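All remarks here apply to the structure that follows.
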Amino acid sequence: MSPPLLEVRDLRIRFFTEDGEVRAVEGVSFDLQEGEILGIVGESGCGKSMTALSIMGLVPEPGRVTGGEIRFKGRDLLSMAPDEVRDIRGKDIAMIFQDPLSSLNPVLKTGFQVAEPMLAHQRADKRRALARAVELLRQVRVPAAEQRARDYPFQLSGGMRQRAMIAMGLANAPSMLIADEPTTALDVTVQAQILDLLRTLNRETRTAIVLITHNLAVVAGLCSRVIVMYAGQIVEEGSVFDLFERPQHPYTWLLLRSVPRLDRTRPERLRSIEGLPPDLIAPPPGCRFHPRCPFRIEPCFTEPPPLQEVGPGQRAACWVTMRRAHEEMGAATLLDVRPGAGSGVHGPIREPHRG
Amino acid sequence: MVESGSAPLVRVENVSKHFPVRLGATLKAVDGVSFEIRSGECLGLVGESGCGKSTLGRLIARLIPVTSGRIVFDGIDLTRLGGRRLRRLRRDFQMIFQDPFASLDPRMTVGDIIAEPLANYGLSRGRARDRRVQELLEVVGLSPSFVNRYPHEFSGGQRQRIGIARALALQPRLVICDEPVSALDVSIQSQIINLLEDLRHRFHLTYLFIAHDLAVVRHISDRVLVMYLGKIVEVADSGEIYAAPRHPYTRALLSAVPLPDPRKERRRSLVELAGEIPSPISPPPGCRFHTRCPLAEVPGICSEQEPPLEEKEPAHLAACHFSDRVSAMGALEPPGDGPPAAPVAGEPPPRRGTLLTDPSPGRPAPGA
């Protein structure tokens with residue numbers, strides 16, 4: 001197999017706030033292969049967006065990458081000189097954001113904004129860049145592309161704006177596109193079209209995509225591999241089929257069972273995940289999920305579980321794993337999802353340990 | 001489940017809300033809608049942004065006045081009511097808002113926020129009011145010791161619980177929930193949905209549940225109402241509307257919802273809608289959906305004649321000239337597929353929450 005397009009190794013990001021150091025991302029490592037679509041899922045504050053922003057060098061103040069490597073085509077972006085990095089970002093790596101209205105310049109015409117990355121990297125003169133912008137708008141299925149290129153962003157609908165953003169991202173034919181919640185602000189029918197577009201573009205241009213989202217369903221259709229993050233760390237990684245059909249981390253397992261689904265008989269009651277995500281200034285010792293985990297056992301309180309192989313191509317950071325939770329703790333018939341409920345080690349009523 | 005014969009708590013009769021936008025032009029946010037909310041039911045209201053669902057919720061909450069039509073609450077016409085009589089009736093219908101960050105006054109303590117409705121209506125005072133506030137906090141799953149804290153000290157889910165406690169303070173009969181979980185994280189969403197269900201059974205509440213998430217709406221609602229461009233296009237029991245929609249727009253919406261299942265996603269067929277939602281300032285003539293509808297006969301009846309919202313099957317209303325052709329648009333993923341990972345297939349229905357004091361009748365099976 002050819003070397004990965006992107007290798008992230010032991011990435012650490014901290015925010016230096018008045019209240020203390022927020023450990024937003026801690027020890028995240030993953031690869032992205034050429035042409036692959038990788039999903040990173042998790043709830044707000046899990047570190048998924050910060051991981052993406054660090055690749056672009058866009059971690060906002062008072063945050064800082066405090067350790068690790070981000071190797072793109074074998075070269076570490078974090079140790080490169082700023083102008084070397086600028087040659088890569090926006091050209092070989094592009095990023096699109098959740099809210100296309102606030103990421104587009106309101107006083108510049110859409111066509112010019114799509115052309116701008118080409119001008120910035122001297123890949124075309126202005127006339128040719130503008131012509132190519134119209135072509136790109138057409139490629140992302142914007143109807144009446146010549147006309148729309150002359151429009152300002154406010155004249156476009158939300159879906160059209162997101163298409164324009166994607167066109168801008170594709171302007172320099174990047175080998176990698178990072179899409180951070182690209183459909184979260186859109187209506188469900190428009191979301192379906194944008195996801196379809198990303199899938200088609202990936203097939204046609206072989207651009208690798210990192211899709212960052214809180215929505216498991218969005219990941220299911222688009223991605224071949226998925227990473228689940230919780231409290232700044234990767235808790236599970238695997239092929240989309242393994243992850244959805246044989247999740248091994250209790251967080252992944254519970255997350256999949258806590259959303260109402262149109263394709264299932266309506267359950268009497270949703271499973272919930274008790275409690276709240278931890279404060280990352282003082283994360284809990286041991287496994288960061290243990291205060292909310294129904295299957296926790298003794299080591300979970302004190303020793304952080306390593307991310308280890310749980311099946312071919314699947315890794316999970318859990319001392320128990322769902323295989324054991326099913327076999328020994330009757331996970332399938334577990335009614336009480338309160339912390340510690342299934343473990344048999346701690347009574348179901350017992351309060352979670354405090355740090 | 002509420003028998004179809006049970007008395008409506010709210011009757012919405014031909015209600016419109018038009019906003020003036022510029023000289024002569026009006027935006028028809030809600031345009032001639034009629035339906036009822038039955039006592040004790042949870043009525044879901046879905047549609048995409050700009051369809052008028054939130055405006056309709058605010059009209060029923062009497063936060064804004066109607067342009068025309070009547071809203072009859074428990075036999076009393078709200079639209080003609082004002083002053084003290086409206087104020088007295090308002091106790092009976094309360095609202096829960098989407099944004100738990102914007103809907104709580106940051107300078108008030110949690111205790112004051114929840115006590116405010118009680119104070120406004122001169123209900124209980126002193127020690128009794130404090131007790132009531134603490135009781136309400138417990139009811140929504142918060143510690144009574146939180147009374148002296150401020151909203152910023154709480155997470156989104158906890159703030160939504162505070163908003164729910166405030167809405168319940170006056171013991172309303174109808175609660176209008178406007179996107180109550182859409183700003184919340186997945187793991188918190190299910191907590192709030194379960195809480196809302198518990199409260200409904202415990203206090204015999206009636207809900208109007210407004211949301212854009214079709215899966216959430218199906219989960220919580222007995223009946224569902226679908227809106228498009230200021231009009232109601234379909235109303236039916238929630239099992240029925242998802243299993244056999246009779247309006248092409250509902251069908252398209254359902255086909256667009258991504259499923260958290262990689263195999264089903266890979267064989268999904270999307271009903272493509274042409275173009276974009278037209279402006280509610282100048283909605284298309286005839287059926288408002290005809291410009292995007294895959295079934296429309298244009299030019300023809302669809303662009304000329306507005307289809308009435310009528311019964312296509314018992315208790316199933318749709319506003320479409322060709323509602324009998326909707327089933328030919330392709331089958332939806334049948335519900336009820338067990339997950340491939342065998343251990344979970346036999347999961348028994350989880351036990352009801354501890355909040356439930358009386359054994360309420362269960363919900364109907366989907367499609368029943």
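Chain labels A, B, ... are given in the sequence in which chains occur in the structure tokens; within each chain residues are numbered consecutively from 1, and ligands are likewise numbered from 1 in the order shown.
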
May I have all residues of stretch 58-166 of chain A that DSSP, computed from the backbone, assigns to strand (DSSP E or B), given as a PDB file with C-alpha atoms, in the first residue's frame?
```pdb
ATOM      1  CA  GLY A  63      -5.232  27.545  21.839  1.00  0.00           C
ATOM      2  CA  ARG A  64      -1.924  26.031  20.724  1.00  0.00           C
ATOM      3  CA  VAL A  65      -0.683  22.781  19.290  1.00  0.00           C
ATOM      4  CA  THR A  66       1.570  21.617  22.104  1.00  0.00           C
ATOM      5  CA  GLY A  67       2.839  18.392  20.654  1.00  0.00           C
ATOM      6  CA  GLY A  68       2.770  15.792  17.940  1.00  0.00           C
ATOM      7  CA  GLU A  69       3.254  15.690  14.201  1.00  0.00           C
ATOM      8  CA  ILE A  70       0.992  16.323  11.221  1.00  0.00           C
ATOM      9  CA  ARG A  71       2.723  14.805   8.192  1.00  0.00           C
ATOM     10  CA  PHE A  72       1.221  15.603   4.811  1.00  0.00           C
ATOM     11  CA  ARG A  75       6.418  16.352   5.453  1.00  0.00           C
ATOM     12  CA  ASP A  76       5.583  17.631   8.939  1.00  0.00           C
ATOM     13  CA  ARG A  89      -2.782  25.108   2.629  1.00  0.00           C
ATOM     14  CA  ILE A  93      -5.396  20.987   1.403  1.00  0.00           C
ATOM     15  CA  ALA A  94      -8.691  22.878   1.418  1.00  0.00           C
ATOM     16  CA  MET A  95     -11.333  23.263   4.088  1.00  0.00           C
ATOM     17  CA  ILE A  96     -15.046  24.040   4.072  1.00  0.00           C
TER      18      ILE A  96
END
```

Spatial neighbours of stretch 89-106 of chain B, max dist 6 Å, only C-alpha atoms, sep filter under 5 positions, as a ChimeraX atom specification: /B:151,159-160,167,170,172-180

Take the residues from that selection and put them in a file with C-alpha atoms, as a PDB file, in the first residue's frame.
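Final output, result29.pdb:
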```
ATOM      1  CA  PRO B 151     -27.732  30.125  33.788  1.00  0.00           C
ATOM      2  CA  ARG B 159     -30.490  24.966  30.694  1.00  0.00           C
ATOM      3  CA  GLN B 160     -33.141  23.282  28.631  1.00  0.00           C
ATOM      4  CA  ALA B 167     -42.826  26.205  31.514  1.00  0.00           C
ATOM      5  CA  LEU B 170     -48.030  27.234  36.139  1.00  0.00           C
ATOM      6  CA  PRO B 172     -50.193  24.307  31.933  1.00  0.00           C
ATOM      7  CA  ARG B 173     -52.370  22.010  29.861  1.00  0.00           C
ATOM      8  CA  LEU B 174     -50.661  22.654  26.545  1.00  0.00           C
ATOM      9  CA  VAL B 175     -46.897  22.935  26.078  1.00  0.00           C
ATOM     10  CA  ILE B 176     -45.629  24.234  22.760  1.00  0.00           C
ATOM     11  CA  CYS B 177     -42.123  22.865  22.240  1.00  0.00           C
ATOM     12  CA  ASP B 178     -40.300  24.748  19.480  1.00  0.00           C
ATOM     13  CA  GLU B 179     -37.235  22.733  18.426  1.00  0.00           C
ATOM     14  CA  PRO B 180     -36.527  21.833  22.058  1.00  0.00           C
TER      15      PRO B 180
END
```

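When only C-alpha atoms are used to measure the gap to B:Cys293, the shortest distance among B:Gly157, B:Pro258, B:Pro248, B:Gly230 belongs to B:Pro248.
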
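Between chain A and the candidates B:Pro144, B:Pro262, B:Gly239, B:Gly69, the tightest atom-to-atom separation, counting only C-alpha atoms, involves B:Pro262.
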
Pull the closest atom pair for each residue of chain A that gets at most 7 Å from chain B, along with the distance in Å to one decimal, counting only C-alpha atoms, ordering rows by chain and then ascending residue number, as CSV.
```
residue,atom,partner,partner_atom,distance
A:Glu43,CA,B:Asp185,CA,5.9
A:Ser44,CA,B:Asp185,CA,6.8
A:Asp187,CA,B:Glu48,CA,5.9
A:Val188,CA,B:Ala256,CA,6.0
A:Thr189,CA,B:Ala256,CA,5.3
A:Ala192,CA,B:Ala256,CA,5.5
A:Leu216,CA,B:Pro260,CA,5.8
A:Ala217,CA,B:Pro260,CA,3.8
A:Val218,CA,B:Pro258,CA,6.0
A:Ala220,CA,B:Pro262,CA,4.5
A:Gly221,CA,B:Glu265,CA,4.8
A:Val240,CA,B:Pro262,CA,6.7
A:Phe241,CA,B:Pro262,CA,6.3
A:Phe244,CA,B:Asp261,CA,6.6
A:Glu245,CA,B:Ala341,CA,5.6
A:Arg246,CA,B:Ala341,CA,6.3
A:Leu255,CA,B:Ser187,CA,6.5
A:Ser258,CA,B:Ser190,CA,5.8
A:Val259,CA,B:Ser190,CA,6.7
A:Pro260,CA,B:Ala215,CA,5.5
A:Arg261,CA,B:Ala215,CA,5.5
A:Leu262,CA,B:Ala215,CA,5.3
A:Asp263,CA,B:Pro335,CA,4.3
A:Arg264,CA,B:Gly336,CA,4.3
A:Thr265,CA,B:Gly336,CA,4.4
A:Arg266,CA,B:His219,CA,6.1
A:Pro267,CA,B:Pro349,CA,6.8
A:Glu268,CA,B:Pro349,CA,6.1
A:Arg269,CA,B:Pro350,CA,6.4
A:Leu270,CA,B:Ser190,CA,6.1
A:Arg271,CA,B:Ser190,CA,6.9
A:Ser272,CA,B:Ser190,CA,5.3
A:Ile273,CA,B:Ser187,CA,5.5
A:Ala332,CA,B:Val344,CA,5.1
A:Thr333,CA,B:Glu347,CA,5.4
A:Leu335,CA,B:Pro350,CA,5.2
```

Would you save the residues of that selection, restricted to N, CA and C atoms, as a JSON list (two decimals), in the first residue's frame?
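Just written: selection22.json:
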```json
[["chain", "number", "residue", "atom", "x", "y", "z"],
["A", 43, "GLU", "N", -19.29, 14.59, 19.92],
["A", 43, "GLU", "CA", -20.17, 15.67, 20.34],
["A", 43, "GLU", "C", -19.37, 16.96, 20.50],
["A", 44, "SER", "N", -20.07, 18.07, 20.78],
["A", 44, "SER", "CA", -19.33, 19.33, 20.87],
["A", 44, "SER", "C", -18.30, 19.25, 21.99],
["A", 187, "ASP", "N", -31.13, 22.33, 5.43],
["A", 187, "ASP", "CA", -32.32, 21.50, 5.54],
["A", 187, "ASP", "C", -32.03, 20.09, 5.04],
["A", 188, "VAL", "N", -32.87, 19.16, 5.45],
["A", 188, "VAL", "CA", -32.58, 17.75, 5.20],
["A", 188, "VAL", "C", -32.54, 17.41, 3.70],
["A", 189, "THR", "N", -33.39, 18.03, 2.90],
["A", 189, "THR", "CA", -33.36, 17.72, 1.46],
["A", 189, "THR", "C", -32.11, 18.30, 0.81],
["A", 192, "ALA", "N", -29.03, 16.18, 1.78],
["A", 192, "ALA", "CA", -28.89, 14.97, 0.97],
["A", 192, "ALA", "C", -28.19, 15.29, -0.35],
["A", 216, "LEU", "N", -24.12, 10.82, 13.18],
["A", 216, "LEU", "CA", -23.68, 9.48, 12.81],
["A", 216, "LEU", "C", -24.25, 9.04, 11.47],
["A", 217, "ALA", "N", -25.48, 9.46, 11.19],
["A", 217, "ALA", "CA", -26.13, 9.02, 9.97],
["A", 217, "ALA", "C", -25.43, 9.58, 8.73],
["A", 218, "VAL", "N", -24.93, 10.80, 8.84],
["A", 218, "VAL", "CA", -24.22, 11.43, 7.73],
["A", 218, "VAL", "C", -22.96, 10.65, 7.40],
["A", 220, "ALA", "N", -22.47, 7.45, 8.00],
["A", 220, "ALA", "CA", -22.78, 6.08, 7.56],
["A", 220, "ALA", "C", -22.79, 5.96, 6.05],
["A", 221, "GLY", "N", -23.35, 6.95, 5.38],
["A", 221, "GLY", "CA", -23.50, 6.84, 3.94],
["A", 221, "GLY", "C", -22.26, 7.24, 3.17],
["A", 240, "VAL", "N", -16.51, 1.63, 8.39],
["A", 240, "VAL", "CA", -17.85, 2.11, 8.69],
["A", 240, "VAL", "C", -18.78, 0.94, 9.05],
["A", 241, "PHE", "N", -18.56, -0.22, 8.43],
["A", 241, "PHE", "CA", -19.43, -1.37, 8.72],
["A", 241, "PHE", "C", -19.17, -1.93, 10.12],
["A", 244, "PHE", "N", -20.51, 0.56, 12.87],
["A", 244, "PHE", "CA", -21.95, 0.65, 13.04],
["A", 244, "PHE", "C", -22.57, -0.69, 13.43],
["A", 245, "GLU", "N", -21.95, -1.78, 12.99],
["A", 245, "GLU", "CA", -22.56, -3.08, 13.23],
["A", 245, "GLU", "C", -21.94, -3.82, 14.41],
["A", 246, "ARG", "N", -20.67, -3.54, 14.69],
["A", 246, "ARG", "CA", -19.99, -4.20, 15.81],
["A", 246, "ARG", "C", -19.20, -3.20, 16.62],
["A", 255, "LEU", "N", -24.13, 5.73, 21.82],
["A", 255, "LEU", "CA", -24.44, 6.83, 20.91],
["A", 255, "LEU", "C", -25.37, 6.34, 19.80],
["A", 258, "SER", "N", -28.89, 5.93, 21.13],
["A", 258, "SER", "CA", -29.59, 7.03, 21.78],
["A", 258, "SER", "C", -30.32, 7.92, 20.78],
["A", 259, "VAL", "N", -30.15, 7.65, 19.47],
["A", 259, "VAL", "CA", -30.86, 8.47, 18.49],
["A", 259, "VAL", "C", -32.11, 7.74, 17.99],
["A", 260, "PRO", "N", -33.24, 8.46, 17.90],
["A", 260, "PRO", "CA", -34.41, 7.84, 17.30],
["A", 260, "PRO", "C", -34.15, 7.59, 15.82],
["A", 261, "ARG", "N", -34.66, 6.47, 15.31],
["A", 261, "ARG", "CA", -34.35, 6.10, 13.92],
["A", 261, "ARG", "C", -35.62, 5.84, 13.13],
["A", 262, "LEU", "N", -35.60, 6.35, 11.90],
["A", 262, "LEU", "CA", -36.76, 6.15, 11.04],
["A", 262, "LEU", "C", -36.86, 4.71, 10.54],
["A", 263, "ASP", "N", -35.73, 3.99, 10.56],
["A", 263, "ASP", "CA", -35.73, 2.65, 9.97],
["A", 263, "ASP", "C", -35.92, 1.57, 11.03],
["A", 264, "ARG", "N", -36.33, 1.95, 12.21],
["A", 264, "ARG", "CA", -36.56, 0.95, 13.26],
["A", 264, "ARG", "C", -37.96, 1.13, 13.82],
["A", 265, "THR", "N", -38.50, 0.05, 14.34],
["A", 265, "THR", "CA", -39.74, 0.15, 15.08],
["A", 265, "THR", "C", -39.51, 1.10, 16.24],
["A", 266, "ARG", "N", -40.48, 1.94, 16.47],
["A", 266, "ARG", "CA", -40.31, 2.97, 17.49],
["A", 266, "ARG", "C", -40.16, 2.33, 18.87],
["A", 267, "PRO", "N", -39.04, 2.59, 19.55],
["A", 267, "PRO", "CA", -38.88, 2.00, 20.87],
["A", 267, "PRO", "C", -39.72, 2.77, 21.89],
["A", 268, "GLU", "N", -40.05, 2.09, 22.95],
["A", 268, "GLU", "CA", -40.78, 2.71, 24.03],
["A", 268, "GLU", "C", -40.01, 3.93, 24.54],
["A", 269, "ARG", "N", -38.71, 3.74, 24.62],
["A", 269, "ARG", "CA", -37.89, 4.75, 25.26],
["A", 269, "ARG", "C", -36.50, 4.74, 24.66],
["A", 270, "LEU", "N", -35.90, 5.91, 24.53],
["A", 270, "LEU", "CA", -34.53, 5.97, 24.02],
["A", 270, "LEU", "C", -33.56, 5.65, 25.14],
["A", 271, "ARG", "N", -32.44, 5.04, 24.75],
["A", 271, "ARG", "CA", -31.37, 4.91, 25.72],
["A", 271, "ARG", "C", -30.72, 6.26, 25.84],
["A", 272, "SER", "N", -30.30, 6.63, 27.02],
["A", 272, "SER", "CA", -29.55, 7.87, 27.07],
["A", 272, "SER", "C", -28.19, 7.57, 27.66],
["A", 273, "ILE", "N", -27.31, 8.54, 27.53],
["A", 273, "ILE", "CA", -26.01, 8.43, 28.16],
["A", 273, "ILE", "C", -26.09, 9.34, 29.37],
["A", 332, "ALA", "N", -27.06, -6.65, 26.12],
["A", 332, "ALA", "CA", -28.24, -6.59, 25.25],
["A", 332, "ALA", "C", -29.53, -6.47, 26.05],
["A", 333, "THR", "N", -29.52, -7.02, 27.26],
["A", 333, "THR", "CA", -30.75, -6.99, 28.05],
["A", 333, "THR", "C", -30.66, -5.96, 29.17],
["A", 335, "LEU", "N", -31.23, -2.93, 31.20],
["A", 335, "LEU", "CA", -32.29, -1.94, 31.20],
["A", 335, "LEU", "C", -31.80, -0.61, 31.76]]
```

Residue contacts of stretch 5-7 of chain A (12 Å, only C-alpha atoms) excluding same-chain residues fewer than 5 positions away, as a VMD selection string: chain A and resid 28 to 38 52 55 68 to 78 92 to 93 174 to 178 207 to 210

Stretch 148-246 of chain A: residues DSSP assigns to alpha helix (DSSP H), reported as a PyMOL selection string: chain A and resi 148-149+158-170+188-205+216-222+240-245

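Of note, atom CA of A:Gly111 and atom CA of B:Ser279 are spaced 24.2 Å apart.
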
Polymer residues at most 9 Å from stretch 127-132 of chain B, only C-alpha atoms, same-chain spacing of 6 or more positions, as a PyMOL selection string: chain B and resi 111+115+118-119+147+169

Take the residues from that selection and write them out as a PDB file, in the first residue's frame, keeping C-alpha atoms.
```
ATOM      1  CA  GLY B 111     -34.655  30.027  41.337  1.00  0.00           C
ATOM      2  CA  ALA B 115     -40.384  31.491  40.340  1.00  0.00           C
ATOM      3  CA  LEU B 118     -45.523  32.047  39.940  1.00  0.00           C
ATOM      4  CA  ALA B 119     -44.910  35.641  41.005  1.00  0.00           C
ATOM      5  CA  VAL B 147     -31.632  27.591  42.987  1.00  0.00           C
ATOM      6  CA  ALA B 169     -44.469  26.156  36.910  1.00  0.00           C
TER       7      ALA B 169
END
```

For A:Gln191: contacts at 9 Å, only C-alpha atoms, fewer than 4 positions along chain excluded, given as a list in words: Gly159, Pro182, Thr183, Thr184, Ala185, Leu186, Asp187, Leu195 and Asp196 of chain A; Ala256 and Val257 of chain B

For the residues in the current selection, export C-alpha atoms as a PDB file, in the first residue's frame.
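As a result, result14.pdb now contains:
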```pdb
ATOM      1  CA  GLY A 159     -27.436  25.136  -0.259  1.00  0.00           C
ATOM      2  CA  PRO A 182     -20.762  20.890   5.985  1.00  0.00           C
ATOM      3  CA  THR A 183     -24.472  20.103   6.179  1.00  0.00           C
ATOM      4  CA  THR A 184     -25.380  20.962   9.761  1.00  0.00           C
ATOM      5  CA  ALA A 185     -26.903  24.337   8.896  1.00  0.00           C
ATOM      6  CA  LEU A 186     -28.854  22.955   5.925  1.00  0.00           C
ATOM      7  CA  ASP A 187     -32.324  21.500   5.539  1.00  0.00           C
ATOM      8  CA  LEU A 195     -23.651  14.706   0.622  1.00  0.00           C
ATOM      9  CA  ASP A 196     -24.362  13.283  -2.798  1.00  0.00           C
TER      10      ASP A 196
ATOM     11  CA  ALA B 256     -33.671  12.545   2.398  1.00  0.00           C
ATOM     12  CA  VAL B 257     -33.209  11.605   6.047  1.00  0.00           C
TER      13      VAL B 257
END
```

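Shortest separation to A:Arg288 among A:Val22, A:Leu307, A:Val235, A:Leu254 occurs at residue A:Val235, atoms counted being only C-alpha atoms.
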
Using only C-alpha atoms, determine which residues lie at most 10 Å from A:Gly313, disregarding the query and same-chain residues fewer than 5 positions distant; provide the list as a tab-separated table (two decimals) with N, CA and C atoms, in the first residue's frame.
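Final output, out.tsv:
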```
chain	number	residue	atom	x	y	z
A	225	ARG	N	-14.20	4.89	6.40
A	225	ARG	CA	-13.62	4.63	7.71
A	225	ARG	C	-14.07	5.73	8.67
A	237	GLU	N	-12.01	3.39	16.35
A	237	GLU	CA	-11.72	3.63	14.94
A	237	GLU	C	-11.93	2.33	14.18
A	238	GLY	N	-12.54	2.42	13.01
A	238	GLY	CA	-12.71	1.20	12.24
A	238	GLY	C	-13.43	1.47	10.93
A	239	SER	N	-13.66	0.41	10.16
A	239	SER	CA	-14.41	0.56	8.92
A	239	SER	C	-15.84	0.95	9.30
A	242	ASP	N	-17.89	-2.11	10.46
A	242	ASP	CA	-17.57	-2.62	11.80
A	242	ASP	C	-18.09	-1.68	12.87
```

Stretch 17-21 of chain A environment, 10 Å, only C-alpha atoms, sequence neighbours closer than 4 positions dropped, as a PyMOL selection string: chain A and resi 13+61-63+280-282

Residues of the last selection are to be written out with C-alpha atoms, as a PDB file, in the first residue's frame.
```pdb
ATOM      1  CA  ILE A  13      -3.798  20.873  21.576  1.00  0.00           C
ATOM      2  CA  GLU A  61      -6.261  31.821  20.461  1.00  0.00           C
ATOM      3  CA  PRO A  62      -5.732  31.007  23.284  1.00  0.00           C
ATOM      4  CA  GLY A  63      -5.232  27.545  21.839  1.00  0.00           C
ATOM      5  CA  LEU A 280     -11.177  19.091  30.107  1.00  0.00           C
ATOM      6  CA  ILE A 281      -9.267  21.301  32.528  1.00  0.00           C
ATOM      7  CA  ALA A 282      -9.344  18.422  34.983  1.00  0.00           C
TER       8      ALA A 282
END
```

Å distance separating atom CA of B:His247 from atom CA of B:Cys287, one decimal place: 11.6 Å
